[in-house]
$ cat work32.txt   # compact mmCIF, C-alpha atoms and all ligand atoms
# COMPACT_ATOMS: atom_id res chain seq x y z
CA MET U 80 201.13 124.09 234.48
CA LYS U 81 200.73 122.76 237.97
CA ALA U 82 197.67 122.48 240.20
CA LEU U 83 197.14 121.81 243.90
CA ILE U 84 193.78 120.22 244.73
CA THR U 85 192.73 119.69 248.32
CA GLY U 86 190.61 116.65 249.14
CA ALA U 87 191.80 115.15 245.85
CA ALA U 88 191.32 111.42 246.43
CA LYS U 89 187.56 111.01 246.25
CA ARG U 90 184.35 112.21 244.64
CA ILE U 91 184.53 115.76 243.18
CA GLY U 92 188.23 116.16 244.04
CA HIS U 93 189.02 112.86 242.30
CA HIS U 94 187.14 114.00 239.21
CA LEU U 95 188.87 117.40 239.13
CA THR U 96 192.28 115.77 239.57
CA ASN U 97 191.64 113.42 236.64
CA HIS U 98 190.30 116.28 234.57
CA LEU U 99 193.29 118.56 235.13
CA ALA U 100 195.73 115.71 234.52
CA SER U 101 193.98 115.06 231.19
CA LYS U 102 194.55 118.73 230.32
CA GLY U 103 198.29 118.40 230.88
CA PHE U 104 198.59 119.70 234.44
CA ASP U 105 201.09 118.34 236.93
CA VAL U 106 199.04 117.84 240.09
CA ILE U 107 199.79 118.00 243.82
CA LEU U 108 197.08 115.84 245.38
CA HIS U 109 196.24 116.78 248.94
CA VAL U 110 194.60 114.10 251.10
CA ASN U 111 193.75 113.67 254.75
CA HIS U 112 192.49 110.15 255.64
CA SER U 113 192.29 108.78 252.08
CA ILE U 114 195.98 108.04 251.73
CA SER U 115 195.57 104.66 250.00
CA GLU U 116 192.91 106.04 247.60
CA GLY U 117 195.23 108.99 246.88
CA GLU U 118 198.16 106.69 246.21
CA GLU U 119 196.02 104.54 243.92
CA LEU U 120 194.98 107.62 241.96
CA LEU U 121 198.59 108.79 241.89
CA SER U 122 199.79 105.54 240.33
CA GLU U 123 196.92 105.53 237.78
CA LEU U 124 197.88 109.07 236.75
CA ARG U 125 201.60 108.25 236.57
CA ASN U 126 200.83 105.30 234.27
CA LYS U 127 198.47 107.29 232.09
CA TYR U 128 200.53 110.50 231.86
CA PRO U 129 204.19 109.44 232.24
CA ASP U 130 205.50 112.87 231.19
CA GLN U 131 203.63 114.71 233.95
CA VAL U 132 204.51 114.99 237.63
CA PHE U 133 202.09 113.89 240.36
CA LYS U 134 202.79 114.23 244.07
CA ILE U 135 200.78 113.62 247.19
CA VAL U 136 200.62 115.74 250.35
CA GLN U 137 198.88 114.56 253.53
CA CYS U 138 197.58 117.12 255.99
CA ASP U 139 194.63 117.55 258.37
CA LEU U 140 193.19 120.94 257.47
CA ALA U 141 191.25 121.06 260.75
CA GLU U 142 194.66 121.53 262.42
CA TRP U 143 194.97 124.87 260.67
CA ARG U 144 197.77 126.23 262.88
CA THR U 145 200.16 123.62 261.44
CA VAL U 146 199.09 124.09 257.82
CA ALA U 147 201.41 126.97 256.83
CA ALA U 148 204.55 125.05 257.82
CA GLN U 149 203.38 121.88 256.06
CA PHE U 150 202.53 123.64 252.80
CA LYS U 151 205.70 125.74 252.90
CA GLN U 152 207.57 122.44 252.88
CA ALA U 153 205.24 120.95 250.23
CA PHE U 154 205.76 123.90 247.86
CA GLU U 155 209.52 123.75 248.38
CA LYS U 156 209.47 120.04 247.53
CA CYS U 157 206.87 120.03 244.71
CA GLY U 158 207.28 123.56 243.31
CA LEU U 159 204.65 126.29 243.30
CA PRO U 160 201.35 125.58 241.54
CA ASP U 161 199.69 127.95 239.04
CA LEU U 162 196.26 126.84 240.20
CA ILE U 163 194.96 126.06 243.69
CA ILE U 164 191.54 124.45 244.10
CA HIS U 165 190.24 124.54 247.67
CA ASN U 166 187.90 121.57 247.48
CA ALA U 167 188.34 119.73 250.83
CA SER U 168 185.29 119.88 253.03
CA PHE U 169 183.41 118.28 255.87
CA TYR U 170 179.60 118.53 255.77
CA LEU U 171 178.95 118.75 259.51
CA ASN U 172 175.31 117.98 260.21
CA LYS U 173 174.68 120.23 263.25
CA SER U 174 172.40 123.19 263.70
CA ILE U 175 173.67 126.31 265.49
CA GLY U 176 172.04 125.38 268.82
CA VAL U 177 174.01 122.16 269.19
CA THR U 178 177.28 123.45 267.73
CA GLN U 179 180.19 123.13 270.13
CA GLU U 180 183.46 125.06 270.36
CA GLU U 181 185.43 122.28 268.68
CA ASP U 182 182.92 122.23 265.78
CA MET U 183 183.45 125.97 265.25
CA GLU U 184 187.22 125.57 265.21
CA ARG U 185 187.04 122.53 262.92
CA MET U 186 184.66 124.05 260.36
CA MET U 187 186.49 127.38 260.18
CA GLY U 188 189.80 125.49 260.10
CA ILE U 189 188.90 123.28 257.15
CA HIS U 190 186.91 125.79 255.10
CA LEU U 191 188.51 129.19 255.81
CA PHE U 192 191.67 129.28 257.94
CA SER U 193 193.53 126.49 256.13
CA PRO U 194 192.74 127.83 252.64
CA MET U 195 193.98 131.23 253.91
CA MET U 196 197.18 129.73 255.33
CA ILE U 197 197.88 127.80 252.12
CA ASP U 198 197.26 130.89 249.98
CA LYS U 199 199.38 133.12 252.22
CA VAL U 200 202.33 130.73 251.98
CA PHE U 201 201.78 130.51 248.21
CA ARG U 202 201.87 134.31 247.90
CA GLU U 203 204.85 134.69 250.26
CA GLN U 204 206.79 132.30 248.02
CA GLY U 205 205.86 134.41 244.95
CA GLY U 206 202.92 132.30 243.72
CA GLU U 207 200.78 133.67 240.88
CA GLY U 208 197.84 132.34 238.90
CA ASN U 209 194.37 131.12 239.80
CA ILE U 210 192.74 130.30 243.11
CA ILE U 211 189.37 128.54 242.91
CA THR U 212 187.26 127.92 245.99
CA ILE U 213 184.59 125.22 245.93
CA LEU U 214 181.64 126.66 247.81
CA ASP U 215 178.03 125.47 248.07
CA THR U 216 174.88 126.88 246.51
CA ALA U 217 173.43 127.03 250.05
CA ILE U 218 175.61 130.10 250.78
CA LYS U 219 172.70 132.09 249.31
CA THR U 220 170.45 130.84 252.13
CA ASN U 221 170.29 130.93 255.91
CA GLN U 222 169.43 127.24 256.37
CA SER U 223 171.00 126.28 259.67
CA THR U 224 170.77 122.47 259.60
CA HIS U 225 174.50 122.50 258.80
CA GLY U 226 174.99 125.86 260.51
CA MET U 227 178.73 126.06 261.13
CA TYR U 228 179.51 124.37 257.79
CA LEU U 229 177.44 127.00 256.02
CA LEU U 230 178.87 129.93 258.00
CA SER U 231 182.38 128.79 257.14
CA LYS U 232 181.48 128.39 253.44
CA LYS U 233 179.87 131.85 253.40
CA SER U 234 183.12 133.20 254.86
CA LEU U 235 185.09 131.36 252.19
CA ALA U 236 182.96 133.06 249.51
CA ASP U 237 183.70 136.51 251.00
CA TYR U 238 187.36 135.60 251.36
CA THR U 239 187.46 134.65 247.65
CA GLN U 240 186.26 138.11 246.68
CA MET U 241 188.57 139.83 249.16
CA ILE U 242 191.70 138.15 247.79
CA ALA U 243 190.50 138.80 244.25
CA ARG U 244 190.92 142.49 245.11
CA GLU U 245 193.99 142.31 247.32
CA TRP U 246 196.11 140.06 245.12
CA ALA U 247 195.14 141.30 241.65
CA PRO U 248 196.71 141.36 239.12
CA ALA U 249 198.93 138.45 240.20
CA ILE U 250 195.98 136.29 241.22
CA ARG U 251 192.52 135.66 239.84
CA ALA U 252 190.25 134.24 242.54
CA ASN U 253 186.84 132.77 241.75
CA GLY U 254 184.40 130.41 243.42
CA ILE U 255 182.19 127.58 242.19
CA ALA U 256 179.02 126.94 244.20
CA PRO U 257 177.72 123.47 243.36
CA GLY U 258 174.21 122.17 243.88
CA PRO U 259 173.47 118.43 244.23
CA VAL U 260 176.37 116.57 242.63
CA LEU U 261 176.70 113.50 244.86
CA PRO U 262 174.69 112.40 247.91
CA PRO U 263 176.28 113.41 251.20
CA ASP U 264 177.53 110.70 253.58
CA GLY U 265 174.72 109.03 255.46
CA LYS U 266 171.93 110.17 253.12
CA ASP U 267 170.15 107.66 250.92
CA ALA U 268 169.21 107.86 247.24
CA ALA U 269 165.61 108.89 248.03
CA TYR U 270 166.80 111.96 249.98
CA PHE U 271 169.18 112.96 247.19
CA ASN U 272 166.62 112.36 244.40
CA ASN U 273 164.20 114.59 246.25
CA VAL U 274 166.77 117.41 246.46
CA VAL U 275 167.48 117.01 242.74
CA LYS U 276 163.76 116.98 241.86
CA ASN U 277 163.28 120.26 243.70
CA THR U 278 165.91 122.17 241.71
CA PRO U 279 164.44 124.31 238.92
CA LEU U 280 166.19 122.20 236.27
CA GLN U 281 165.22 118.98 238.10
CA SER U 282 168.64 117.55 237.34
CA GLN U 283 171.62 116.25 239.23
CA VAL U 284 174.71 118.42 238.71
CA ALA U 285 177.15 116.45 236.55
CA LEU U 286 180.76 116.13 237.66
CA SER U 287 181.65 117.36 234.17
CA SER U 288 179.71 120.58 234.88
CA ILE U 289 182.06 121.26 237.79
CA SER U 290 185.15 120.72 235.64
CA ASP U 291 183.53 122.78 232.84
CA SER U 292 183.20 125.61 235.38
CA VAL U 293 186.89 125.28 236.24
CA GLU U 294 187.74 125.42 232.52
CA PHE U 295 185.59 128.52 232.05
CA ILE U 296 187.36 130.28 234.92
CA LEU U 297 190.79 129.34 233.60
CA LYS U 298 190.00 130.47 230.04
CA ASN U 299 188.27 133.75 230.93
CA LYS U 300 191.23 135.95 231.78
CA ASN U 301 189.06 138.99 232.60
CA MET U 302 187.08 137.26 235.30
CA THR U 303 187.94 137.55 238.98
CA GLY U 304 185.90 137.68 242.19
CA GLN U 305 183.02 135.77 240.59
CA ILE U 306 180.99 132.97 242.05
CA ILE U 307 179.54 130.53 239.54
CA TYR U 308 176.39 128.79 240.78
CA CYS U 309 176.63 125.41 239.11
CA ASP U 310 173.52 124.04 240.76
CA SER U 311 170.62 123.36 238.34
CA GLY U 312 169.20 126.69 239.53
CA GLN U 313 168.99 125.69 243.20
CA HIS U 314 170.15 129.15 244.38
CA LEU U 315 166.96 130.61 242.89
CA THR U 316 164.69 128.59 245.17
N1 LIG U 401 178.76 116.66 246.83
C1 LIG U 401 177.91 117.63 246.52
O1 LIG U 401 176.83 117.39 245.95
C2 LIG U 401 178.26 119.05 246.87
C3 LIG U 401 177.24 120.01 246.93
C4 LIG U 401 177.57 121.31 247.27
C5 LIG U 401 178.88 121.66 247.51
N2 LIG U 401 179.85 120.72 247.44
C6 LIG U 401 181.25 121.11 247.72
O2 LIG U 401 182.09 120.51 246.75
C7 LIG U 401 183.33 120.10 247.36
C8 LIG U 401 183.56 118.61 247.12
O3 LIG U 401 182.41 117.89 247.54
P1 LIG U 401 182.50 116.35 247.91
O4 LIG U 401 181.12 115.92 248.22
O5 LIG U 401 183.29 115.65 246.86
O6 LIG U 401 183.36 116.47 249.26
P2 LIG U 401 183.58 115.38 250.40
O7 LIG U 401 183.59 114.04 249.80
O8 LIG U 401 182.60 115.64 251.51
O9 LIG U 401 185.01 115.81 250.95
C9 LIG U 401 186.12 115.95 250.08
C10 LIG U 401 187.39 115.65 250.82
O10 LIG U 401 187.59 116.61 251.86
C11 LIG U 401 188.61 116.08 252.66
N3 LIG U 401 188.56 116.53 254.06
C12 LIG U 401 187.54 116.44 254.94
N4 LIG U 401 187.96 116.85 256.17
C13 LIG U 401 189.27 117.19 256.04
C14 LIG U 401 190.26 117.64 256.94
N5 LIG U 401 190.02 117.81 258.24
N6 LIG U 401 191.51 117.89 256.45
C15 LIG U 401 191.78 117.69 255.16
N7 LIG U 401 190.89 117.24 254.25
C16 LIG U 401 189.65 116.99 254.69
C17 LIG U 401 188.45 114.55 252.66
O11 LIG U 401 189.73 114.00 252.39
P3 LIG U 401 190.16 112.52 252.88
O12 LIG U 401 189.13 111.61 252.24
O13 LIG U 401 191.52 112.36 252.35
O14 LIG U 401 190.10 112.50 254.38
C18 LIG U 401 187.41 114.31 251.56
O15 LIG U 401 187.74 113.25 250.69
C19 LIG U 401 183.22 120.47 248.84
O16 LIG U 401 183.86 121.68 249.06
C20 LIG U 401 181.72 120.59 249.07
O17 LIG U 401 181.39 121.51 250.10
C21 LIG U 401 179.57 119.42 247.14
$ encode --input "work32.txt" --output "structure tokens"
Amino acid sequence: MKALITGAAKRIGHHLTNHLASKGFDVILHVNHSISEGEELLSELRNKYPDQVFKIVQCDLAEWRTVAAQFKQAFEKCGLPDLIIHNASFYLNKSIGVTQEEDMERMMGIHLFSPMMIDKVFREQGGEGNIITILDTAIKTNQSTHGMYLLSKKSLADYTQMIAREWAPAIRANGIAPGPVLPPDGKDAAYFNNVVKNTPLQSQVALSSISDSVEFILKNKNMTGQIIYCDSGQHLT
């Protein structure tokens, strides 16, 4: 079994990479800027799991027009995965009114167009298995503080369900919509604790709950086109 995880070097991606490696997966780690962190993780994994194969792919997903060619090459070099997790993200803190053209292109590039390009190349090369998109519980809302981020994540959720139809039975496509797992860049502990306190379960989402959701999707062979809100109930508020 082989997985591709985008944004694999840090935070949730780092956790999911470690988790899948511990379950016996070979992993293609995608990174953008975090090349040294990715290489560090790669060498840890190679030491810990010497019988498994770990490779690293660097690519800026905002430059979505170049992504198909880069992943075509990556799949030829590393082999096709059985599982793709679209995790990479940039939490752009801009409301709709101040959003500029380059923000629109960047957000749609990272969160929708690049996942589409990667998946299209994967399918064209005969790829089958699971595609998991990492969404955000806020897709249930119309909060516009991170307007273009949220619009692109909402599109990614619709895309997940569209490919679940189009590519069945070869592909199962499901999404995970996390609530507060880790504080976003630039926000302090007080801000994050307040978000956590206002979830119905008043609890931070554990990294292990995200990997448990991945496990549930992988094990449940009848499930496709679902979005799991792993968010301490935040989508209910
Ligand atoms: N953290 C939370 O509490 C939370 C809550 C709701 C939803 N989520 C979702 O869960 C996922 C993971 O969250 P996170 O907080 O761990 O994410 P993150 O740290 O904000 O970003 C993950 C990775 O995305 C990569 N990335 C950003 N811009 C990129 C670009 N232009 N091209 C390629 N890669 C790019 C970065 O890779 P490099 O470091 O290599 O540049 C980064 O390490 C995201 O999809 C996020 O929307 C998280």
$ residues_near_ligand --input "work32.txt" --ligand "ligand LIG 401 (chain U)" --cutoff "8 Å" --atoms "all atoms listed in the file" --output "MDAnalysis selection string"
chainID U and resid 85:93 109:114 117 137:142 165:170 185 188:190 212:217 232 256:264 284
$ write_last_selection --input "work32.txt" --atoms "C-alpha atoms" --output "compact mmCIF listing (two decimals), in the coordinates of the input"
# COMPACT_ATOMS: atom_id res chain seq x y z
CA THR U 85 192.73 119.69 248.32
CA GLY U 86 190.61 116.65 249.14
CA ALA U 87 191.80 115.15 245.85
CA ALA U 88 191.32 111.42 246.43
CA LYS U 89 187.56 111.01 246.25
CA ARG U 90 184.35 112.21 244.64
CA ILE U 91 184.53 115.76 243.18
CA GLY U 92 188.23 116.16 244.04
CA HIS U 93 189.02 112.86 242.30
CA HIS U 109 196.24 116.78 248.94
CA VAL U 110 194.60 114.10 251.10
CA ASN U 111 193.75 113.67 254.75
CA HIS U 112 192.49 110.15 255.64
CA SER U 113 192.29 108.78 252.08
CA ILE U 114 195.98 108.04 251.73
CA GLY U 117 195.23 108.99 246.88
CA GLN U 137 198.88 114.56 253.53
CA CYS U 138 197.58 117.12 255.99
CA ASP U 139 194.63 117.55 258.37
CA LEU U 140 193.19 120.94 257.47
CA ALA U 141 191.25 121.06 260.75
CA GLU U 142 194.66 121.53 262.42
CA HIS U 165 190.24 124.54 247.67
CA ASN U 166 187.90 121.57 247.48
CA ALA U 167 188.34 119.73 250.83
CA SER U 168 185.29 119.88 253.03
CA PHE U 169 183.41 118.28 255.87
CA TYR U 170 179.60 118.53 255.77
CA ARG U 185 187.04 122.53 262.92
CA GLY U 188 189.80 125.49 260.10
CA ILE U 189 188.90 123.28 257.15
CA HIS U 190 186.91 125.79 255.10
CA THR U 212 187.26 127.92 245.99
CA ILE U 213 184.59 125.22 245.93
CA LEU U 214 181.64 126.66 247.81
CA ASP U 215 178.03 125.47 248.07
CA THR U 216 174.88 126.88 246.51
CA ALA U 217 173.43 127.03 250.05
CA LYS U 232 181.48 128.39 253.44
CA ALA U 256 179.02 126.94 244.20
CA PRO U 257 177.72 123.47 243.36
CA GLY U 258 174.21 122.17 243.88
CA PRO U 259 173.47 118.43 244.23
CA VAL U 260 176.37 116.57 242.63
CA LEU U 261 176.70 113.50 244.86
CA PRO U 262 174.69 112.40 247.91
CA PRO U 263 176.28 113.41 251.20
CA ASP U 264 177.53 110.70 253.58
CA VAL U 284 174.71 118.42 238.71
$ closest_residue --input "work32.txt" --among "U:Asn126, U:Asn273, U:Thr145, U:Ser193" --to "Ser231 (chain U)" --atoms "only C-alpha atoms"
U:Ser193
$ closest_residue --input "work32.txt" --among "U:Leu95, U:Ile211, U:Leu162, U:Leu83" --to "Asp291 (chain U)" --atoms "all atoms listed in the file"
U:Leu95
$ closest_atom_pairs --input "work32.txt" --of "region 102-196 of chain U" --to "region 218-224 of chain U" --cutoff "12 Å" --atoms "all atoms listed in the file" --output "JSON lines"
{"residue": "U:Tyr170", "atom": "CA", "partner": "U:Thr224", "partner_atom": "CA", "distance": 10.4}
{"residue": "U:Leu171", "atom": "CA", "partner": "U:Thr224", "partner_atom": "CA", "distance": 9.0}
{"residue": "U:Asn172", "atom": "CA", "partner": "U:Thr224", "partner_atom": "CA", "distance": 6.4}
{"residue": "U:Lys173", "atom": "CA", "partner": "U:Thr224", "partner_atom": "CA", "distance": 5.8}
{"residue": "U:Ser174", "atom": "CA", "partner": "U:Thr224", "partner_atom": "CA", "distance": 4.5}
{"residue": "U:Ile175", "atom": "CA", "partner": "U:Ser223", "partner_atom": "CA", "distance": 6.4}
{"residue": "U:Gly176", "atom": "CA", "partner": "U:Ser223", "partner_atom": "CA", "distance": 9.3}
{"residue": "U:Val177", "atom": "CA", "partner": "U:Thr224", "partner_atom": "CA", "distance": 10.1}
{"residue": "U:Thr178", "atom": "CA", "partner": "U:Thr224", "partner_atom": "CA", "distance": 10.5}
$ closest_residue --input "work32.txt" --among "U:Asp267, U:Glu294, U:Glu180, U:Glu203" --to "Asn253 (chain U)" --atoms "all atoms listed in the file"
U:Glu294
$ residues_near_point --input "work32.txt" --point "(179.4, 122.9, 233.2)" --cutoff "12 Å" --atoms "only C-alpha atoms" --output "list in words"
Ile255, Ala256, Pro257, Gly258, Val260, Gln283, Val284, Ala285, Leu286, Ser287, Ser288, Ile289, Ser290, Asp291, Ser292, Val293, Glu294, Phe295, Ile296, Ile307, Tyr308, Cys309, Asp310 and Ser311 of chain U
$ atom_distance --input "work32.txt" --atom1 "CA of Met227 (chain U)" --atom2 "CA of Glu116 (chain U)"
28.0 Å
$ residues_near_point --input "work32.txt" --point "(200.6, 116.8, 234.7)" --cutoff "10 Å" --atoms "all atoms listed in the file" --output "PDB file with C-alpha atoms, in the coordinates of the input"
ATOM      1  CA  MET U  80     201.130 124.090 234.480  1.00  0.00           C
ATOM      2  CA  LYS U  81     200.730 122.760 237.970  1.00  0.00           C
ATOM      3  CA  ALA U  82     197.670 122.480 240.200  1.00  0.00           C
ATOM      4  CA  THR U  96     192.280 115.770 239.570  1.00  0.00           C
ATOM      5  CA  ASN U  97     191.640 113.420 236.640  1.00  0.00           C
ATOM      6  CA  LEU U  99     193.290 118.560 235.130  1.00  0.00           C
ATOM      7  CA  ALA U 100     195.730 115.710 234.520  1.00  0.00           C
ATOM      8  CA  SER U 101     193.980 115.060 231.190  1.00  0.00           C
ATOM      9  CA  LYS U 102     194.550 118.730 230.320  1.00  0.00           C
ATOM     10  CA  GLY U 103     198.290 118.400 230.880  1.00  0.00           C
ATOM     11  CA  PHE U 104     198.590 119.700 234.440  1.00  0.00           C
ATOM     12  CA  ASP U 105     201.090 118.340 236.930  1.00  0.00           C
ATOM     13  CA  VAL U 106     199.040 117.840 240.090  1.00  0.00           C
ATOM     14  CA  ILE U 107     199.790 118.000 243.820  1.00  0.00           C
ATOM     15  CA  LEU U 124     197.880 109.070 236.750  1.00  0.00           C
ATOM     16  CA  ARG U 125     201.600 108.250 236.570  1.00  0.00           C
ATOM     17  CA  TYR U 128     200.530 110.500 231.860  1.00  0.00           C
ATOM     18  CA  PRO U 129     204.190 109.440 232.240  1.00  0.00           C
ATOM     19  CA  ASP U 130     205.500 112.870 231.190  1.00  0.00           C
ATOM     20  CA  GLN U 131     203.630 114.710 233.950  1.00  0.00           C
ATOM     21  CA  VAL U 132     204.510 114.990 237.630  1.00  0.00           C
ATOM     22  CA  PHE U 133     202.090 113.890 240.360  1.00  0.00           C
ATOM     23  CA  LYS U 134     202.790 114.230 244.070  1.00  0.00           C
TER      24      LYS U 134
END
$ atom_distance --input "work32.txt" --atom1 "CA of Met187 (chain U)" --atom2 "CA of Thr239 (chain U)"
14.5 Å
